[in-house]
file target.csv (CSV, C-alpha atoms)
chain,number,residue,atom,x,y,z
H,1,MET,CA,72.4,119.0,113.0
H,2,GLU,CA,74.0,118.7,109.5
H,3,VAL,CA,77.7,117.7,109.6
H,4,LYS,CA,80.2,118.2,106.9
H,5,GLN,CA,83.9,118.5,106.2
H,6,THR,CA,85.4,121.6,104.6
H,7,ILE,CA,88.7,121.6,102.8
H,8,ILE,CA,90.4,124.8,102.0
H,9,VAL,CA,93.0,125.2,99.3
H,10,ARG,CA,95.6,127.9,98.6
H,11,LYS,CA,94.9,129.0,95.1
H,12,ASP,CA,98.2,131.0,94.8
H,13,LEU,CA,100.2,127.8,94.6
H,14,ASP,CA,98.6,126.7,91.3
H,15,MET,CA,99.0,123.1,92.1
H,16,GLY,CA,98.3,120.5,89.4
H,17,ALA,CA,95.0,118.6,89.7
H,18,GLY,CA,96.7,115.4,91.0
H,19,LYS,CA,98.8,117.3,93.5
H,20,LEU,CA,95.8,119.3,94.7
H,21,ALA,CA,93.8,116.1,95.1
H,22,ALA,CA,96.5,114.4,97.1
H,23,GLN,CA,96.8,117.5,99.4
H,24,CYS,CA,93.1,117.6,99.9
H,25,ALA,CA,93.1,113.9,100.8
H,26,HIS,CA,95.8,114.5,103.4
H,27,ALA,CA,93.7,117.2,104.9
H,28,SER,CA,90.6,115.1,104.8
H,29,VAL,CA,92.1,112.0,106.5
H,30,LEU,CA,93.9,114.0,109.3
H,31,SER,CA,91.0,116.2,110.0
H,32,PHE,CA,88.7,113.2,110.1
H,33,LEU,CA,90.9,111.5,112.6
H,34,GLU,CA,91.0,114.6,114.8
H,35,ALA,CA,87.3,114.9,114.7
H,36,GLN,CA,86.9,111.2,115.6
H,37,ARG,CA,89.2,111.7,118.6
H,38,VAL,CA,87.2,114.7,119.8
H,39,ASP,CA,83.7,113.4,119.1
H,40,LYS,CA,83.1,109.9,117.9
H,41,ASP,CA,79.4,110.4,117.3
H,42,ILE,CA,79.9,113.3,114.8
H,43,ALA,CA,82.5,111.3,112.9
H,44,ARG,CA,80.2,108.3,112.7
H,45,GLN,CA,77.2,110.5,111.6
H,46,TRP,CA,79.3,112.0,108.8
H,47,LEU,CA,80.4,108.6,107.5
H,48,ASP,CA,76.9,107.2,107.7
H,49,SER,CA,75.4,110.2,105.9
H,50,GLY,CA,77.8,110.0,102.9
H,51,GLN,CA,80.8,112.1,104.0
H,52,LYS,CA,79.7,115.5,102.8
H,53,LYS,CA,82.7,117.5,101.7
H,54,ILE,CA,83.2,121.0,100.3
H,55,VAL,CA,86.4,122.3,98.7
H,56,LEU,CA,86.9,126.0,99.0
H,57,LYS,CA,89.8,128.3,98.1
H,58,VAL,CA,91.7,131.2,99.7
H,59,GLU,CA,94.1,133.7,98.2
H,60,ASP,CA,97.3,132.9,100.1
H,61,GLU,CA,99.1,131.2,103.0
H,62,ASP,CA,98.3,134.1,105.4
H,63,SER,CA,94.5,133.6,104.8
H,64,LEU,CA,94.8,129.9,105.3
H,65,LYS,CA,96.8,130.2,108.6
H,66,LYS,CA,94.3,132.8,110.0
H,67,LEU,CA,91.5,130.4,109.4
H,68,TYR,CA,93.4,127.6,111.1
H,69,GLU,CA,93.9,129.8,114.2
H,70,ALA,CA,90.3,130.7,114.2
H,71,PHE,CA,89.1,127.1,114.1
H,72,LYS,CA,91.6,126.0,116.8
H,73,PHE,CA,90.5,128.9,119.0
H,74,LYS,CA,86.9,127.6,118.7
H,75,LYS,CA,88.1,124.0,119.4
H,76,ILE,CA,86.7,122.8,116.1
H,77,PRO,CA,88.8,119.8,114.9
H,78,CYS,CA,91.0,120.7,111.9
H,79,ALA,CA,94.3,119.8,110.3
H,80,LEU,CA,96.8,122.1,108.5
H,81,ILE,CA,98.8,120.3,105.9
H,82,ASN,CA,102.4,121.0,105.0
H,83,ASP,CA,103.6,119.3,101.9
H,84,ALA,CA,106.6,116.9,102.1
H,85,GLY,CA,108.0,118.7,99.0
H,86,LEU,CA,108.9,115.7,97.0
H,87,THR,CA,107.3,117.1,93.8
H,88,GLN,CA,106.3,120.6,92.6
H,89,LEU,CA,106.5,122.5,95.9
H,90,PRO,CA,109.4,123.4,98.4
H,91,PRO,CA,109.4,121.2,101.5
H,92,GLY,CA,107.1,122.4,104.3
H,93,THR,CA,104.8,124.5,102.0
H,94,THR,CA,101.4,124.9,103.7
H,95,THR,CA,98.9,123.8,101.1
H,96,THR,CA,95.5,122.9,102.6
H,97,LEU,CA,93.4,123.0,105.7
H,98,GLY,CA,90.9,120.3,106.6
H,99,ILE,CA,88.0,121.2,109.0
H,100,GLY,CA,85.7,118.7,110.6
H,101,PRO,CA,83.5,116.8,110.0
H,102,TRP,CA,81.7,119.1,112.4
H,103,ASP,CA,78.5,121.1,112.7
H,104,SER,CA,78.1,122.7,109.2
H,105,ALA,CA,76.8,126.0,110.7
H,106,ALA,CA,79.8,126.4,113.0
H,107,ILE,CA,82.2,125.9,110.1
H,108,ASP,CA,80.3,128.3,107.8
H,109,GLN,CA,80.7,131.1,110.4
H,110,PHE,CA,84.3,131.4,109.2
H,111,THR,CA,84.1,130.1,105.6
H,112,GLY,CA,80.7,131.2,104.4
H,113,LYS,CA,82.2,133.9,102.1
H,114,LEU,CA,84.8,131.7,100.5
H,115,LYS,CA,84.4,130.5,96.9
H,116,LEU,CA,84.2,126.9,95.7
H,117,MET,CA,87.5,125.6,94.3
D,1,MET,CA,108.1,97.4,103.7
D,2,GLU,CA,107.0,100.7,102.2
D,3,VAL,CA,103.3,101.5,102.5
D,4,LYS,CA,101.3,103.9,100.4
D,5,GLN,CA,97.8,104.8,99.3
D,6,THR,CA,97.0,105.0,95.6
D,7,ILE,CA,94.0,106.9,94.3
D,8,ILE,CA,92.8,106.3,90.8
D,9,VAL,CA,90.7,108.8,88.9
D,10,ARG,CA,88.5,108.4,85.7
D,11,LYS,CA,89.9,111.0,83.3
D,12,ASP,CA,86.9,110.7,80.9
D,13,LEU,CA,84.7,112.5,83.4
D,14,ASP,CA,86.6,115.8,83.1
D,15,MET,CA,85.8,116.8,86.7
D,16,GLY,CA,86.6,120.3,87.8
D,17,ALA,CA,89.6,120.5,90.3
D,18,GLY,CA,87.5,120.9,93.4
D,19,LYS,CA,85.1,118.1,92.4
D,20,LEU,CA,88.1,115.8,91.7
D,21,ALA,CA,89.7,116.7,95.0
D,22,ALA,CA,86.5,115.9,96.9
D,23,GLN,CA,86.1,112.5,95.1
D,24,CYS,CA,89.8,111.7,95.9
D,25,ALA,CA,89.3,112.6,99.5
D,26,HIS,CA,86.2,110.3,99.7
D,27,ALA,CA,88.3,107.5,98.3
D,28,SER,CA,91.1,108.2,100.6
D,29,VAL,CA,89.1,108.2,103.8
D,30,LEU,CA,87.0,105.1,103.0
D,31,SER,CA,90.0,103.1,101.8
D,32,PHE,CA,92.0,104.1,104.9
D,33,LEU,CA,89.1,102.9,107.2
D,34,GLU,CA,89.0,99.7,105.3
D,35,ALA,CA,92.8,99.2,105.6
D,36,GLN,CA,92.6,100.1,109.3
D,37,ARG,CA,89.9,97.4,109.8
D,38,VAL,CA,92.0,94.8,108.0
D,39,ASP,CA,95.4,95.6,109.4
D,40,LYS,CA,95.8,98.3,112.1
D,41,ASP,CA,99.6,98.1,112.0
D,42,ILE,CA,99.8,99.0,108.3
D,43,ALA,CA,97.3,101.9,108.8
D,44,ARG,CA,99.4,103.2,111.7
D,45,GLN,CA,102.7,102.9,109.8
D,46,TRP,CA,101.2,104.9,107.0
D,47,LEU,CA,100.0,107.7,109.2
D,48,ASP,CA,103.3,107.8,111.1
D,49,SER,CA,105.3,108.0,107.9
D,50,GLY,CA,103.5,110.9,106.4
D,51,GLN,CA,100.6,109.3,104.6
D,52,LYS,CA,102.2,108.8,101.2
D,53,LYS,CA,99.6,109.1,98.4
D,54,ILE,CA,99.8,108.8,94.7
D,55,VAL,CA,97.0,109.9,92.3
D,56,LEU,CA,96.8,108.1,89.0
D,57,LYS,CA,94.4,108.1,86.1
D,58,VAL,CA,92.5,105.6,83.9
D,59,GLU,CA,90.6,106.0,80.7
D,60,ASP,CA,87.1,105.1,81.7
D,61,GLU,CA,84.7,103.4,84.1
D,62,ASP,CA,85.4,99.9,82.8
D,63,SER,CA,89.1,100.2,83.6
D,64,LEU,CA,88.4,101.5,87.1
D,65,LYS,CA,86.0,98.7,87.8
D,66,LYS,CA,88.4,96.0,86.6
D,67,LEU,CA,91.1,97.4,88.9
D,68,TYR,CA,88.6,97.3,91.8
D,69,GLU,CA,87.8,93.7,91.1
D,70,ALA,CA,91.5,92.8,90.9
D,71,PHE,CA,92.3,94.4,94.3
D,72,LYS,CA,89.3,92.8,95.9
D,73,PHE,CA,90.3,89.4,94.5
D,74,LYS,CA,93.8,89.9,96.1
D,75,LYS,CA,92.1,91.0,99.4
D,76,ILE,CA,93.9,94.4,99.3
D,77,PRO,CA,91.7,97.0,101.1
D,78,CYS,CA,90.1,99.4,98.7
D,79,ALA,CA,87.0,101.6,98.2
D,80,LEU,CA,85.2,102.4,95.0
D,81,ILE,CA,83.4,105.7,95.1
D,82,ASN,CA,80.1,106.6,93.5
D,83,ASP,CA,79.2,110.3,93.5
D,84,ALA,CA,76.1,111.4,95.2
D,85,GLY,CA,75.4,113.5,92.1
D,86,LEU,CA,74.5,116.8,93.7
D,87,THR,CA,76.8,118.7,91.3
D,88,GLN,CA,78.3,118.1,87.9
D,89,LEU,CA,77.7,114.4,87.6
D,90,PRO,CA,74.6,112.1,87.4
D,91,PRO,CA,73.9,110.3,90.8
D,92,GLY,CA,75.8,107.1,91.2
D,93,THR,CA,78.6,107.9,88.7
D,94,THR,CA,81.7,105.9,89.6
D,95,THR,CA,84.5,108.5,90.0
D,96,THR,CA,87.5,107.2,91.9
D,97,LEU,CA,89.1,104.1,93.5
D,98,GLY,CA,91.1,104.3,96.7
D,99,ILE,CA,93.6,101.5,97.4
D,100,GLY,CA,95.3,101.0,100.7
D,101,PRO,CA,97.4,102.1,102.5
D,102,TRP,CA,99.1,98.8,101.8
D,103,ASP,CA,102.4,97.3,100.7
D,104,SER,CA,103.5,99.6,97.8
D,105,ALA,CA,104.9,96.7,95.7
D,106,ALA,CA,101.6,94.8,95.9
D,107,ILE,CA,99.6,97.8,94.7
D,108,ASP,CA,102.1,98.5,91.9
D,109,GLN,CA,101.6,95.1,90.5
D,110,PHE,CA,98.3,96.3,89.1
D,111,THR,CA,98.9,100.1,88.7
D,112,GLY,CA,102.5,100.3,87.8
D,113,LYS,CA,101.8,101.3,84.2
D,114,LEU,CA,99.2,104.0,84.9
D,115,LYS,CA,100.1,107.7,84.5
D,116,LEU,CA,100.1,110.3,87.2
D,117,MET,CA,97.0,112.5,87.3
call {"tool": "encode", "arguments": {"input": "target.csv", "output": "structure tokens"}}
result
Amino acid sequence: MEVKQTIIVRKDLDMGAGKLAAQCAHASVLSFLEAQRVDKDIARQWLDSGQKKIVLKVEDEDSLKKLYEAFKFKKIPCALINDAGLTQLPPGTTTTLGIGPWDSAAIDQFTGKLKLM
Amino acid sequence: MEVKQTIIVRKDLDMGAGKLAAQCAHASVLSFLEAQRVDKDIARQWLDSGQKKIVLKVEDEDSLKKLYEAFKFKKIPCALINDAGLTQLPPGTTTTLGIGPWDSAAIDQFTGKLKLM
């Protein structure tokens, strides 16, 4: 089984490159910790195989939240990130969604049609 | 003590936004795991206080590697990331450096003059 982590970004926020990178890193760390809590072996396999990560984009907040609900429903570890709002964005703005590391094929069921960021 | 994680990016590589975000997320996860190994309390404090992260930039590979050596010398947890080279960059290209989470002031000693990405 191939495992990967997928990070999904709202493109409508037009975040600067540094802001975007920080929000993706938040999603990555929190989703990793959630995956590790749920299945230590998958988390370990992902680290040992070079932490494959893919960054994709969606149109808006609604699309991001629907994906979050879908992954939660399937009990796939994920983390939805709200920005603290210290720079660029209003506090609590939903920015990114981290999913996995988890079975690549299970993630792709919902994200297979999204475009790379 | 304020704790934060700092991620430093090579600006000479001109990575696309998604590539940059993925490399920063690699640095963030690996440096977090290293910090957790060295000092569980600092890692926990950082998670509980909202995972403060700053993304900074340096001119080139040489600058990035010198910073890495400086943090290693000071025994501050950090992780230097080499890209797997599947897209955009030649395999093994050094892209980013993750530092901490650790005492903010200790990190700033070396990075205080760098600009935000």
call {"tool": "residues_around", "arguments": {"input": "target.csv", "residues": "H:Gly100", "least_positions_apart": "5", "cutoff": "7 Å", "atoms": "all atoms listed in the file", "output": "PDB file with C-alpha atoms, in the frame of the given file"}}
result
ATOM      1  CA  LYS H   4      80.200 118.200 106.900  1.00  0.00           C
ATOM      2  CA  GLN H   5      83.900 118.500 106.200  1.00  0.00           C
ATOM      3  CA  THR H   6      85.400 121.600 104.600  1.00  0.00           C
ATOM      4  CA  SER H  31      91.000 116.200 110.000  1.00  0.00           C
ATOM      5  CA  PHE H  32      88.700 113.200 110.100  1.00  0.00           C
ATOM      6  CA  ALA H  35      87.300 114.900 114.700  1.00  0.00           C
ATOM      7  CA  ILE H  76      86.700 122.800 116.100  1.00  0.00           C
ATOM      8  CA  PRO H  77      88.800 119.800 114.900  1.00  0.00           C
ATOM      9  CA  CYS H  78      91.000 120.700 111.900  1.00  0.00           C
TER      10      CYS H  78
END
call {"tool": "closest_residue", "arguments": {"input": "target.csv", "among": "D:Phe73, D:Gly50, D:Leu13, D:Lys65", "to": "chain H", "atoms": "all atoms listed in the file"}}
result
D:Gly50
call {"tool": "calpha_fit_and_write", "arguments": {"input": "target.csv", "fixed": "chain D", "moving": "chain H", "output": "PDB file with C-alpha atoms, in the frame of the given file"}}
result
ATOM      1  CA  MET H   1     108.048  97.356 103.671  1.00  0.00           C
ATOM      2  CA  GLU H   2     107.020 100.757 102.162  1.00  0.00           C
ATOM      3  CA  VAL H   3     103.272 101.493 102.486  1.00  0.00           C
ATOM      4  CA  LYS H   4     101.311 103.915 100.466  1.00  0.00           C
ATOM      5  CA  GLN H   5      97.825 104.775  99.291  1.00  0.00           C
ATOM      6  CA  THR H   6      96.930 104.948  95.605  1.00  0.00           C
ATOM      7  CA  ILE H   7      93.986 106.878  94.286  1.00  0.00           C
ATOM      8  CA  ILE H   8      92.773 106.316  90.824  1.00  0.00           C
ATOM      9  CA  VAL H   9      90.704 108.794  88.877  1.00  0.00           C
ATOM     10  CA  ARG H  10      88.542 108.460  85.754  1.00  0.00           C
ATOM     11  CA  LYS H  11      89.913 110.997  83.381  1.00  0.00           C
ATOM     12  CA  ASP H  12      86.927 110.695  80.937  1.00  0.00           C
ATOM     13  CA  LEU H  13      84.672 112.518  83.360  1.00  0.00           C
ATOM     14  CA  ASP H  14      86.670 115.778  83.172  1.00  0.00           C
ATOM     15  CA  MET H  15      85.781 116.733  86.644  1.00  0.00           C
ATOM     16  CA  GLY H  16      86.646 120.229  87.898  1.00  0.00           C
ATOM     17  CA  ALA H  17      89.642 120.485  90.253  1.00  0.00           C
ATOM     18  CA  GLY H  18      87.436 120.948  93.374  1.00  0.00           C
ATOM     19  CA  LYS H  19      85.160 118.086  92.425  1.00  0.00           C
ATOM     20  CA  LEU H  20      88.110 115.817  91.662  1.00  0.00           C
ATOM     21  CA  ALA H  21      89.683 116.703  95.000  1.00  0.00           C
ATOM     22  CA  ALA H  22      86.533 115.969  96.930  1.00  0.00           C
ATOM     23  CA  GLN H  23      86.177 112.562  95.126  1.00  0.00           C
ATOM     24  CA  CYS H  24      89.736 111.699  95.859  1.00  0.00           C
ATOM     25  CA  ALA H  25      89.214 112.569  99.529  1.00  0.00           C
ATOM     26  CA  HIS H  26      86.200 110.266  99.679  1.00  0.00           C
ATOM     27  CA  ALA H  27      88.289 107.506  98.277  1.00  0.00           C
ATOM     28  CA  SER H  28      91.134 108.228 100.604  1.00  0.00           C
ATOM     29  CA  VAL H  29      89.070 108.270 103.842  1.00  0.00           C
ATOM     30  CA  LEU H  30      87.048 105.067 102.983  1.00  0.00           C
ATOM     31  CA  SER H  31      90.003 103.161 101.810  1.00  0.00           C
ATOM     32  CA  PHE H  32      91.939 104.192 104.890  1.00  0.00           C
ATOM     33  CA  LEU H  33      89.198 102.964 107.118  1.00  0.00           C
ATOM     34  CA  GLU H  34      89.055  99.626 105.304  1.00  0.00           C
ATOM     35  CA  ALA H  35      92.733  99.205 105.600  1.00  0.00           C
ATOM     36  CA  GLN H  36      92.602 100.034 109.336  1.00  0.00           C
ATOM     37  CA  ARG H  37      89.905  97.381 109.812  1.00  0.00           C
ATOM     38  CA  VAL H  38      91.976  94.762 107.998  1.00  0.00           C
ATOM     39  CA  ASP H  39      95.393  95.615 109.422  1.00  0.00           C
ATOM     40  CA  LYS H  40      95.823  98.196 112.105  1.00  0.00           C
ATOM     41  CA  ASP H  41      99.603  98.129 112.009  1.00  0.00           C
ATOM     42  CA  ILE H  42      99.815  99.089 108.275  1.00  0.00           C
ATOM     43  CA  ALA H  43      97.372 101.938 108.801  1.00  0.00           C
ATOM     44  CA  ARG H  44      99.357 103.236 111.752  1.00  0.00           C
ATOM     45  CA  GLN H  45     102.704 102.916 109.817  1.00  0.00           C
ATOM     46  CA  TRP H  46     101.254 104.935 106.932  1.00  0.00           C
ATOM     47  CA  LEU H  47     100.042 107.732 109.205  1.00  0.00           C
ATOM     48  CA  ASP H  48     103.301 107.832 111.107  1.00  0.00           C
ATOM     49  CA  SER H  49     105.372 107.924 107.914  1.00  0.00           C
ATOM     50  CA  GLY H  50     103.488 110.917 106.401  1.00  0.00           C
ATOM     51  CA  GLN H  51     100.577 109.298 104.523  1.00  0.00           C
ATOM     52  CA  LYS H  52     102.198 108.718 101.170  1.00  0.00           C
ATOM     53  CA  LYS H  53      99.637 109.095  98.429  1.00  0.00           C
ATOM     54  CA  ILE H  54      99.731 108.809  94.639  1.00  0.00           C
ATOM     55  CA  VAL H  55      96.985 109.965  92.270  1.00  0.00           C
ATOM     56  CA  LEU H  56      96.821 108.082  89.037  1.00  0.00           C
ATOM     57  CA  LYS H  57      94.356 108.136  86.133  1.00  0.00           C
ATOM     58  CA  VAL H  58      92.524 105.602  83.942  1.00  0.00           C
ATOM     59  CA  GLU H  59      90.668 106.047  80.684  1.00  0.00           C
ATOM     60  CA  ASP H  60      87.136 105.047  81.690  1.00  0.00           C
ATOM     61  CA  GLU H  61      84.722 103.424  84.156  1.00  0.00           C
ATOM     62  CA  ASP H  62      85.409  99.907  82.753  1.00  0.00           C
ATOM     63  CA  SER H  63      89.186 100.280  83.559  1.00  0.00           C
ATOM     64  CA  LEU H  64      88.434 101.535  87.007  1.00  0.00           C
ATOM     65  CA  LYS H  65      85.962  98.676  87.840  1.00  0.00           C
ATOM     66  CA  LYS H  66      88.450  96.009  86.549  1.00  0.00           C
ATOM     67  CA  LEU H  67      91.052  97.340  88.877  1.00  0.00           C
ATOM     68  CA  TYR H  68      88.625  97.287  91.783  1.00  0.00           C
ATOM     69  CA  GLU H  69      87.851  93.597  91.090  1.00  0.00           C
ATOM     70  CA  ALA H  70      91.475  92.827  90.882  1.00  0.00           C
ATOM     71  CA  PHE H  71      92.303  94.417  94.228  1.00  0.00           C
ATOM     72  CA  LYS H  72      89.297  92.772  95.961  1.00  0.00           C
ATOM     73  CA  PHE H  73      90.310  89.402  94.520  1.00  0.00           C
ATOM     74  CA  LYS H  74      93.760  89.890  96.133  1.00  0.00           C
ATOM     75  CA  LYS H  75      92.103  91.014  99.431  1.00  0.00           C
ATOM     76  CA  ILE H  76      93.895  94.340  99.298  1.00  0.00           C
ATOM     77  CA  PRO H  77      91.726  96.969 101.096  1.00  0.00           C
ATOM     78  CA  CYS H  78      90.149  99.447  98.641  1.00  0.00           C
ATOM     79  CA  ALA H  79      87.081 101.605  98.207  1.00  0.00           C
ATOM     80  CA  LEU H  80      85.156 102.417  94.980  1.00  0.00           C
ATOM     81  CA  ILE H  81      83.436 105.737  95.125  1.00  0.00           C
ATOM     82  CA  ASN H  82      80.121 106.584  93.525  1.00  0.00           C
ATOM     83  CA  ASP H  83      79.278 110.221  93.496  1.00  0.00           C
ATOM     84  CA  ALA H  84      76.058 111.429  95.219  1.00  0.00           C
ATOM     85  CA  GLY H  85      75.374 113.508  92.054  1.00  0.00           C
ATOM     86  CA  LEU H  86      74.514 116.726  93.703  1.00  0.00           C
ATOM     87  CA  THR H  87      76.749 118.770  91.340  1.00  0.00           C
ATOM     88  CA  GLN H  88      78.282 118.155  87.882  1.00  0.00           C
ATOM     89  CA  LEU H  89      77.739 114.392  87.590  1.00  0.00           C
ATOM     90  CA  PRO H  90      74.576 112.063  87.398  1.00  0.00           C
ATOM     91  CA  PRO H  91      73.845 110.306  90.688  1.00  0.00           C
ATOM     92  CA  GLY H  92      75.766 107.049  91.211  1.00  0.00           C
ATOM     93  CA  THR H  93      78.612 107.909  88.732  1.00  0.00           C
ATOM     94  CA  THR H  94      81.711 105.877  89.669  1.00  0.00           C
ATOM     95  CA  THR H  95      84.478 108.426  89.930  1.00  0.00           C
ATOM     96  CA  THR H  96      87.478 107.157  91.933  1.00  0.00           C
ATOM     97  CA  LEU H  97      89.042 104.150  93.528  1.00  0.00           C
ATOM     98  CA  GLY H  98      91.073 104.317  96.721  1.00  0.00           C
ATOM     99  CA  ILE H  99      93.618 101.489  97.435  1.00  0.00           C
ATOM    100  CA  GLY H 100      95.359 100.965 100.721  1.00  0.00           C
ATOM    101  CA  PRO H 101      97.423 102.131 102.507  1.00  0.00           C
ATOM    102  CA  TRP H 102      99.031  98.784 101.799  1.00  0.00           C
ATOM    103  CA  ASP H 103     102.325  97.292 100.679  1.00  0.00           C
ATOM    104  CA  SER H 104     103.452  99.634  97.813  1.00  0.00           C
ATOM    105  CA  ALA H 105     104.818  96.684  95.748  1.00  0.00           C
ATOM    106  CA  ALA H 106     101.538  94.768  95.896  1.00  0.00           C
ATOM    107  CA  ILE H 107      99.607  97.808  94.693  1.00  0.00           C
ATOM    108  CA  ASP H 108     102.091  98.573  91.882  1.00  0.00           C
ATOM    109  CA  GLN H 109     101.557  95.045  90.457  1.00  0.00           C
ATOM    110  CA  PHE H 110      98.252  96.338  89.083  1.00  0.00           C
ATOM    111  CA  THR H 111      98.905 100.097  88.713  1.00  0.00           C
ATOM    112  CA  GLY H 112     102.549 100.321  87.775  1.00  0.00           C
ATOM    113  CA  LYS H 113     101.728 101.295  84.141  1.00  0.00           C
ATOM    114  CA  LEU H 114      99.215 103.969  84.975  1.00  0.00           C
ATOM    115  CA  LYS H 115     100.074 107.662  84.548  1.00  0.00           C
ATOM    116  CA  LEU H 116     100.101 110.329  87.255  1.00  0.00           C
ATOM    117  CA  MET H 117      96.960 112.491  87.262  1.00  0.00           C
TER     118      MET H 117
END
call {"tool": "closest_atom_pairs", "arguments": {"input": "target.csv", "of": "chain H", "to": "chain D", "cutoff": "7 Å", "atoms": "all atoms listed in the file", "output": "tab-separated table"}}
result
residue	atom	partner	partner_atom	distance
H:Ala17	CA	D:Ala17	CA	5.8
H:Gly18	CA	D:Met117	CA	4.7
H:Leu20	CA	D:Ala21	CA	6.6
H:Ala21	CA	D:Ala21	CA	4.1
H:Ala22	CA	D:Lys53	CA	6.3
H:Cys24	CA	D:Ala21	CA	6.0
H:Ala25	CA	D:Ala25	CA	4.2
H:Ser28	CA	D:Ala25	CA	6.0
H:Val29	CA	D:Val29	CA	5.5
H:Lys53	CA	D:Ala22	CA	6.3
H:Ile54	CA	D:Ala22	CA	7.0
H:Val55	CA	D:Gly18	CA	5.6
H:Met117	CA	D:Gly18	CA	4.8
call {"tool": "atom_distance", "arguments": {"input": "target.csv", "atom1": "atom CA of D:Gln109", "atom2": "atom CA of D:Lys11"}}
result
21.0 Å
call {"tool": "residues_around", "arguments": {"input": "target.csv", "residues": "D:Ser49", "least_positions_apart": "3", "cutoff": "10 Å", "atoms": "only C-alpha atoms", "output": "compact mmCIF listing (two decimals) with C-alpha atoms, in the coordinates of the input"}}
result
# COMPACT_ATOMS: atom_id res chain seq x y z
CA GLU D 2 107.00 100.70 102.20
CA VAL D 3 103.30 101.50 102.50
CA LYS D 4 101.30 103.90 100.40
CA ARG D 44 99.40 103.20 111.70
CA GLN D 45 102.70 102.90 109.80
CA TRP D 46 101.20 104.90 107.00
CA LYS D 52 102.20 108.80 101.20
call {"tool": "closest_residue", "arguments": {"input": "target.csv", "among": "H:Trp102, H:Met1, H:Thr95, H:Asp39", "to": "H:Leu64", "atoms": "only C-alpha atoms"}}
result
H:Thr95
call {"tool": "atom_distance", "arguments": {"input": "target.csv", "atom1": "atom CA of H:Gln88", "atom2": "atom CA of D:Ser63"}}
result
28.2 Å
call {"tool": "atom_distance", "arguments": {"input": "target.csv", "atom1": "atom CA of H:Lys72", "atom2": "atom CA of H:Ile99"}}
result
9.8 Å
call {"tool": "closest_residue", "arguments": {"input": "target.csv", "among": "D:Lys74, D:Ala43, D:Leu86, D:Thr94", "to": "D:Phe110", "atoms": "all atoms listed in the file"}}
result
D:Lys74
